[in-house]
Amino acid sequence: RSMPSSMSLSPHGSRWLPGAALSIVPLAYLSGLGGSTASKLEGATRPPPSLAFQLAAICDRKIQALNSMALDLEWPCTSMAMFCVYFFPALTWPAVSRLLNAPTSLYHTICGALLGGHFLKKCIEVLLLHRYSGRDELEGVLCRLLAYCAEVAVLAYVTATDVSKYRAADLDPFRTHSGRIGLLLYIVGLLGSFHHQQLLRQASKPGEDQYRFPKGGLFGLVACPHYLFDLVECCGFNLVHRHPLGGLAALGLTGHLAARAHVHLKWYKAQFKEVPCHWKRLLPWVY
């Protein structure tokens, strides 16, 4: 989708790394070179820098060299990178489950299938619907990939270790009301998110890169209905999964998408005059 560079995958950039390294340098200087000034005033030979100072200086030079390489991605490299961002997390659950010899109950299988289905849906959106503009830093893409893989790996680990085969029989989503409601919400969220991604794609005519105001579906009420359905999908997964760690992950996702929806609404108001006055960010009539 044609969005401004400020709304790319890494809106805050990653130029903080040199500053972080440089912040270590004064501390190392004060701790390791405390007597160098006095020695210099007395005309004595300046002592060699401390080991901490040398390591901090080397780290800062390496980081500056990485930043000077201009590791930026442009389409179609961005599409390929984003496909990998979603594809490898989809493989993380079965890999961790196989490594831990997790129980092969219906509960464990469905939880893995739901989480994998979410990322595979994202892969399809990248291949068929999304159009990327601007430049995205490779560092931001790698951080996102590692974060997704780590989150899925932790969920797979706690599911394999905390939920035994005998307890999984009581958590069978087809036998509990919460499990059946969760599966329904998951399907609604999955299809709703994909449908509104299609509406975003159809907002621009074929062959043009100009971003147009989206219409249809819940776009008449909120700026990011696809985020709303992502949260519905996440809620459905947690009703099936029923683990506290999944609830914490859902809270983090809610805060993340709420912030992104706020940025989207702000950008829409700056770009289009036809933004309705009653338009909300994520939840109709509320937020």
# chains A, B, ... in the order shown; residues from 1 in each chain; ligands from 1
>>> closest_atom_pairs(of="segment 82-144 of chain A", to="segment 231-255 of chain A", cutoff="8 Å", atoms="only C-alpha atoms", output="JSON lines")
{"residue": "A:Cys111", "atom": "CA", "partner": "A:His241", "partner_atom": "CA", "distance": 6.2}
{"residue": "A:Leu114", "atom": "CA", "partner": "A:Phe237", "partner_atom": "CA", "distance": 6.8}
{"residue": "A:Leu115", "atom": "CA", "partner": "A:Phe237", "partner_atom": "CA", "distance": 7.6}
>>> write_last_selection(atoms="all heavy atoms", output="mmCIF file, in the first residue's frame")
data_model
loop_
_atom_site.group_PDB
_atom_site.id
_atom_site.type_symbol
_atom_site.label_atom_id
_atom_site.label_comp_id
_atom_site.auth_asym_id
_atom_site.auth_seq_id
_atom_site.Cartn_x
_atom_site.Cartn_y
_atom_site.Cartn_z
ATOM 1 N N CYS A 111 -4.257 -25.278 18.381
ATOM 2 C CA CYS A 111 -3.568 -24.035 18.755
ATOM 3 C C CYS A 111 -2.447 -23.713 17.771
ATOM 4 O O CYS A 111 -2.290 -22.562 17.340
ATOM 5 C CB CYS A 111 -3.012 -24.163 20.176
ATOM 6 S SG CYS A 111 -4.253 -24.089 21.475
ATOM 7 N N LEU A 114 -4.049 -22.569 14.431
ATOM 8 C CA LEU A 114 -4.603 -21.209 14.464
ATOM 9 C C LEU A 114 -3.503 -20.162 14.371
ATOM 10 O O LEU A 114 -3.618 -19.181 13.616
ATOM 11 C CB LEU A 114 -5.416 -21.012 15.748
ATOM 12 C CG LEU A 114 -6.683 -21.854 15.903
ATOM 13 C CD1 LEU A 114 -7.402 -21.491 17.198
ATOM 14 C CD2 LEU A 114 -7.623 -21.665 14.718
ATOM 15 N N LEU A 115 -2.445 -20.358 15.130
ATOM 16 C CA LEU A 115 -1.356 -19.380 15.101
ATOM 17 C C LEU A 115 -0.636 -19.409 13.761
ATOM 18 O O LEU A 115 -0.283 -18.357 13.207
ATOM 19 C CB LEU A 115 -0.385 -19.662 16.239
ATOM 20 C CG LEU A 115 0.460 -18.479 16.719
ATOM 21 C CD1 LEU A 115 -0.435 -17.319 17.149
ATOM 22 C CD2 LEU A 115 1.357 -18.888 17.872
#
>>> residues_around(residues="Tyr287 of chain A", least_positions_apart="6", cutoff="10 Å", atoms="only C-alpha atoms", output="MDAnalysis selection string")
chainID A and resid 222 258 261:262 279:281
>>> write_last_selection(atoms="N, CA, C and O atoms", output="PDB file, in the first residue's frame")
ATOM      1  N   VAL A 222     -14.336   3.592  11.048  1.00  0.00           N
ATOM      2  CA  VAL A 222     -13.005   3.640  11.658  1.00  0.00           C
ATOM      3  C   VAL A 222     -11.939   3.676  10.562  1.00  0.00           C
ATOM      4  O   VAL A 222     -12.190   3.288   9.412  1.00  0.00           O
ATOM      5  N   ALA A 258      -3.468  -0.129  18.631  1.00  0.00           N
ATOM      6  CA  ALA A 258      -4.138   1.123  18.969  1.00  0.00           C
ATOM      7  C   ALA A 258      -3.253   2.317  18.639  1.00  0.00           C
ATOM      8  O   ALA A 258      -3.729   3.343  18.117  1.00  0.00           O
ATOM      9  N   ALA A 261      -3.131   2.661  14.834  1.00  0.00           N
ATOM     10  CA  ALA A 261      -4.380   3.216  14.327  1.00  0.00           C
ATOM     11  C   ALA A 261      -4.440   4.721  14.554  1.00  0.00           C
ATOM     12  O   ALA A 261      -4.968   5.465  13.716  1.00  0.00           O
ATOM     13  N   HIS A 262      -3.910   5.187  15.671  1.00  0.00           N
ATOM     14  CA  HIS A 262      -3.866   6.624  15.935  1.00  0.00           C
ATOM     15  C   HIS A 262      -3.012   7.341  14.893  1.00  0.00           C
ATOM     16  O   HIS A 262      -3.385   8.410  14.397  1.00  0.00           O
ATOM     17  N   TRP A 279     -15.297   9.837  12.386  1.00  0.00           N
ATOM     18  CA  TRP A 279     -14.368   8.728  12.161  1.00  0.00           C
ATOM     19  C   TRP A 279     -13.540   8.464  13.408  1.00  0.00           C
ATOM     20  O   TRP A 279     -12.982   9.393  14.009  1.00  0.00           O
ATOM     21  N   LYS A 280     -13.445   7.206  13.799  1.00  0.00           N
ATOM     22  CA  LYS A 280     -12.624   6.803  14.923  1.00  0.00           C
ATOM     23  C   LYS A 280     -11.396   6.044  14.423  1.00  0.00           C
ATOM     24  O   LYS A 280     -11.241   5.795  13.230  1.00  0.00           O
ATOM     25  N   ARG A 281     -10.549   5.660  15.338  1.00  0.00           N
ATOM     26  CA  ARG A 281      -9.292   5.002  14.975  1.00  0.00           C
ATOM     27  C   ARG A 281      -9.469   3.495  14.766  1.00  0.00           C
ATOM     28  O   ARG A 281      -9.104   2.964  13.723  1.00  0.00           O
TER      29      ARG A 281
END
>>> residues_around(residues="Cys123 of chain A", least_positions_apart="5", cutoff="10 Å", atoms="only C-alpha atoms", output="list of chain:residue names")
A:Ser79, A:Met80, A:Met82, A:Phe83, A:Cys84, A:Val85, A:Tyr86, A:Phe87, A:Ala90, A:Gly117, A:His118, A:Leu128, A:Leu129, A:His130
>>> residues_around(residues="Ala203 of chain A", least_positions_apart="6", cutoff="7 Å", atoms="only C-alpha atoms", output="ChimeraX atom specification")
/A:212-214
>>> closest_residue(among="A:Thr78, A:Leu138, A:Ala113, A:Leu106", to="Leu91 of chain A", atoms="only C-alpha atoms")
A:Ala113
>>> atom_distance(atom1="atom CA of His226 of chain A", atom2="atom CA of Phe194 of chain A")
7.3 Å
>>> decode(residues="segment 131-232 of chain A", atoms="C-alpha atoms", output="PDB file, in the first residue's frame")
ATOM      1  CA  ARG A 131       2.043  -2.673  -2.049  1.00  0.00           C
ATOM      2  CA  TYR A 132       4.984  -1.073  -0.299  1.00  0.00           C
ATOM      3  CA  SER A 133       6.391   2.378  -0.915  1.00  0.00           C
ATOM      4  CA  GLY A 134       9.290   4.261   0.590  1.00  0.00           C
ATOM      5  CA  ARG A 135      12.320   2.565   2.094  1.00  0.00           C
ATOM      6  CA  ASP A 136      12.487   0.257   5.070  1.00  0.00           C
ATOM      7  CA  GLU A 137      15.636  -0.417   7.035  1.00  0.00           C
ATOM      8  CA  LEU A 138      16.834  -3.991   7.128  1.00  0.00           C
ATOM      9  CA  GLU A 139      17.487  -3.691  10.850  1.00  0.00           C
ATOM     10  CA  GLY A 140      13.800  -2.956  11.526  1.00  0.00           C
ATOM     11  CA  VAL A 141      12.657  -5.887   9.401  1.00  0.00           C
ATOM     12  CA  LEU A 142      15.042  -8.268  11.178  1.00  0.00           C
ATOM     13  CA  CYS A 143      13.899  -7.039  14.589  1.00  0.00           C
ATOM     14  CA  ARG A 144      10.293  -7.669  13.603  1.00  0.00           C
ATOM     15  CA  LEU A 145      11.114 -11.162  12.337  1.00  0.00           C
ATOM     16  CA  LEU A 146      12.962 -12.056  15.522  1.00  0.00           C
ATOM     17  CA  ALA A 147      10.185 -10.646  17.705  1.00  0.00           C
ATOM     18  CA  TYR A 148       7.496 -12.705  15.936  1.00  0.00           C
ATOM     19  CA  CYS A 149       9.577 -15.891  16.042  1.00  0.00           C
ATOM     20  CA  ALA A 150      10.382 -15.373  19.724  1.00  0.00           C
ATOM     21  CA  GLU A 151       6.725 -14.766  20.607  1.00  0.00           C
ATOM     22  CA  VAL A 152       5.546 -17.881  18.772  1.00  0.00           C
ATOM     23  CA  ALA A 153       8.383 -19.947  20.256  1.00  0.00           C
ATOM     24  CA  VAL A 154       7.469 -18.890  23.806  1.00  0.00           C
ATOM     25  CA  LEU A 155       3.781 -19.673  23.243  1.00  0.00           C
ATOM     26  CA  ALA A 156       4.675 -23.058  21.761  1.00  0.00           C
ATOM     27  CA  TYR A 157       7.005 -23.786  24.677  1.00  0.00           C
ATOM     28  CA  VAL A 158       4.492 -22.993  27.428  1.00  0.00           C
ATOM     29  CA  THR A 159       1.779 -24.897  25.580  1.00  0.00           C
ATOM     30  CA  ALA A 160       3.989 -27.964  25.230  1.00  0.00           C
ATOM     31  CA  THR A 161       5.284 -27.898  28.814  1.00  0.00           C
ATOM     32  CA  ASP A 162       2.412 -26.487  30.895  1.00  0.00           C
ATOM     33  CA  VAL A 163      -0.473 -28.327  29.258  1.00  0.00           C
ATOM     34  CA  SER A 164      -0.149 -32.076  29.626  1.00  0.00           C
ATOM     35  CA  LYS A 165      -1.831 -34.593  27.386  1.00  0.00           C
ATOM     36  CA  TYR A 166      -4.432 -35.402  30.027  1.00  0.00           C
ATOM     37  CA  ARG A 167      -5.294 -31.788  30.740  1.00  0.00           C
ATOM     38  CA  ALA A 168      -5.498 -31.087  27.004  1.00  0.00           C
ATOM     39  CA  ALA A 169      -8.469 -33.429  26.780  1.00  0.00           C
ATOM     40  CA  ASP A 170     -10.406 -31.056  29.063  1.00  0.00           C
ATOM     41  CA  LEU A 171      -9.380 -28.086  26.882  1.00  0.00           C
ATOM     42  CA  ASP A 172     -10.637 -29.594  23.636  1.00  0.00           C
ATOM     43  CA  PRO A 173     -12.126 -26.542  21.856  1.00  0.00           C
ATOM     44  CA  PHE A 174     -14.925 -28.633  20.358  1.00  0.00           C
ATOM     45  CA  ARG A 175     -16.083 -29.743  23.827  1.00  0.00           C
ATOM     46  CA  THR A 176     -16.102 -26.376  25.615  1.00  0.00           C
ATOM     47  CA  HIS A 177     -18.281 -23.323  25.012  1.00  0.00           C
ATOM     48  CA  SER A 178     -15.292 -20.971  25.161  1.00  0.00           C
ATOM     49  CA  GLY A 179     -13.452 -23.096  22.609  1.00  0.00           C
ATOM     50  CA  ARG A 180     -16.336 -23.057  20.129  1.00  0.00           C
ATOM     51  CA  ILE A 181     -16.823 -19.298  20.575  1.00  0.00           C
ATOM     52  CA  GLY A 182     -13.085 -18.817  20.157  1.00  0.00           C
ATOM     53  CA  LEU A 183     -13.022 -20.741  16.875  1.00  0.00           C
ATOM     54  CA  LEU A 184     -15.939 -18.672  15.590  1.00  0.00           C
ATOM     55  CA  LEU A 185     -14.282 -15.394  16.562  1.00  0.00           C
ATOM     56  CA  TYR A 186     -11.018 -16.526  14.979  1.00  0.00           C
ATOM     57  CA  ILE A 187     -12.706 -17.244  11.647  1.00  0.00           C
ATOM     58  CA  VAL A 188     -14.626 -13.954  11.729  1.00  0.00           C
ATOM     59  CA  GLY A 189     -11.454 -12.023  12.517  1.00  0.00           C
ATOM     60  CA  LEU A 190      -9.414 -13.809   9.862  1.00  0.00           C
ATOM     61  CA  LEU A 191     -11.958 -13.235   7.089  1.00  0.00           C
ATOM     62  CA  GLY A 192     -12.787  -9.694   8.224  1.00  0.00           C
ATOM     63  CA  SER A 193      -9.162  -8.621   8.257  1.00  0.00           C
ATOM     64  CA  PHE A 194      -8.516 -10.117   4.821  1.00  0.00           C
ATOM     65  CA  HIS A 195     -11.671  -8.491   3.391  1.00  0.00           C
ATOM     66  CA  HIS A 196     -10.677  -5.022   4.567  1.00  0.00           C
ATOM     67  CA  GLN A 197      -7.159  -5.522   3.253  1.00  0.00           C
ATOM     68  CA  GLN A 198      -8.805  -6.208  -0.110  1.00  0.00           C
ATOM     69  CA  LEU A 199     -10.774  -2.954   0.195  1.00  0.00           C
ATOM     70  CA  LEU A 200      -7.539  -1.087   0.847  1.00  0.00           C
ATOM     71  CA  ARG A 201      -6.048  -2.608  -2.291  1.00  0.00           C
ATOM     72  CA  GLN A 202      -9.130  -1.803  -4.366  1.00  0.00           C
ATOM     73  CA  ALA A 203      -9.074   1.820  -3.207  1.00  0.00           C
ATOM     74  CA  SER A 204      -6.284   2.481  -5.719  1.00  0.00           C
ATOM     75  CA  LYS A 205      -6.799   1.835  -9.410  1.00  0.00           C
ATOM     76  CA  PRO A 206      -4.610  -0.780 -11.133  1.00  0.00           C
ATOM     77  CA  GLY A 207      -1.280   0.610 -12.191  1.00  0.00           C
ATOM     78  CA  GLU A 208      -1.317   3.739 -10.029  1.00  0.00           C
ATOM     79  CA  ASP A 209       0.700   4.307  -6.891  1.00  0.00           C
ATOM     80  CA  GLN A 210      -1.395   7.115  -5.455  1.00  0.00           C
ATOM     81  CA  TYR A 211      -3.122   6.193  -2.223  1.00  0.00           C
ATOM     82  CA  ARG A 212      -6.873   6.868  -2.245  1.00  0.00           C
ATOM     83  CA  PHE A 213      -9.354   7.173   0.576  1.00  0.00           C
ATOM     84  CA  PRO A 214     -10.705   3.675   1.402  1.00  0.00           C
ATOM     85  CA  LYS A 215     -14.425   2.981   1.285  1.00  0.00           C
ATOM     86  CA  GLY A 216     -16.693   0.056   2.097  1.00  0.00           C
ATOM     87  CA  GLY A 217     -16.995  -2.263   5.050  1.00  0.00           C
ATOM     88  CA  LEU A 218     -16.218  -0.625   8.370  1.00  0.00           C
ATOM     89  CA  PHE A 219     -14.098   2.058   6.740  1.00  0.00           C
ATOM     90  CA  GLY A 220     -17.122   4.326   7.085  1.00  0.00           C
ATOM     91  CA  LEU A 221     -16.679   4.180  10.860  1.00  0.00           C
ATOM     92  CA  VAL A 222     -13.005   3.640  11.658  1.00  0.00           C
ATOM     93  CA  ALA A 223      -9.664   4.227   9.995  1.00  0.00           C
ATOM     94  CA  CYS A 224      -8.261   0.744  10.618  1.00  0.00           C
ATOM     95  CA  PRO A 225     -10.992  -1.929  10.631  1.00  0.00           C
ATOM     96  CA  HIS A 226      -8.430  -4.540   9.592  1.00  0.00           C
ATOM     97  CA  TYR A 227      -6.675  -3.949  12.926  1.00  0.00           C
ATOM     98  CA  LEU A 228      -9.996  -4.372  14.716  1.00  0.00           C
ATOM     99  CA  PHE A 229     -10.518  -7.775  13.097  1.00  0.00           C
ATOM    100  CA  ASP A 230      -6.930  -8.728  13.928  1.00  0.00           C
ATOM    101  CA  LEU A 231      -7.830  -8.168  17.576  1.00  0.00           C
ATOM    102  CA  VAL A 232     -11.018 -10.225  17.153  1.00  0.00           C
TER     103      VAL A 232
END
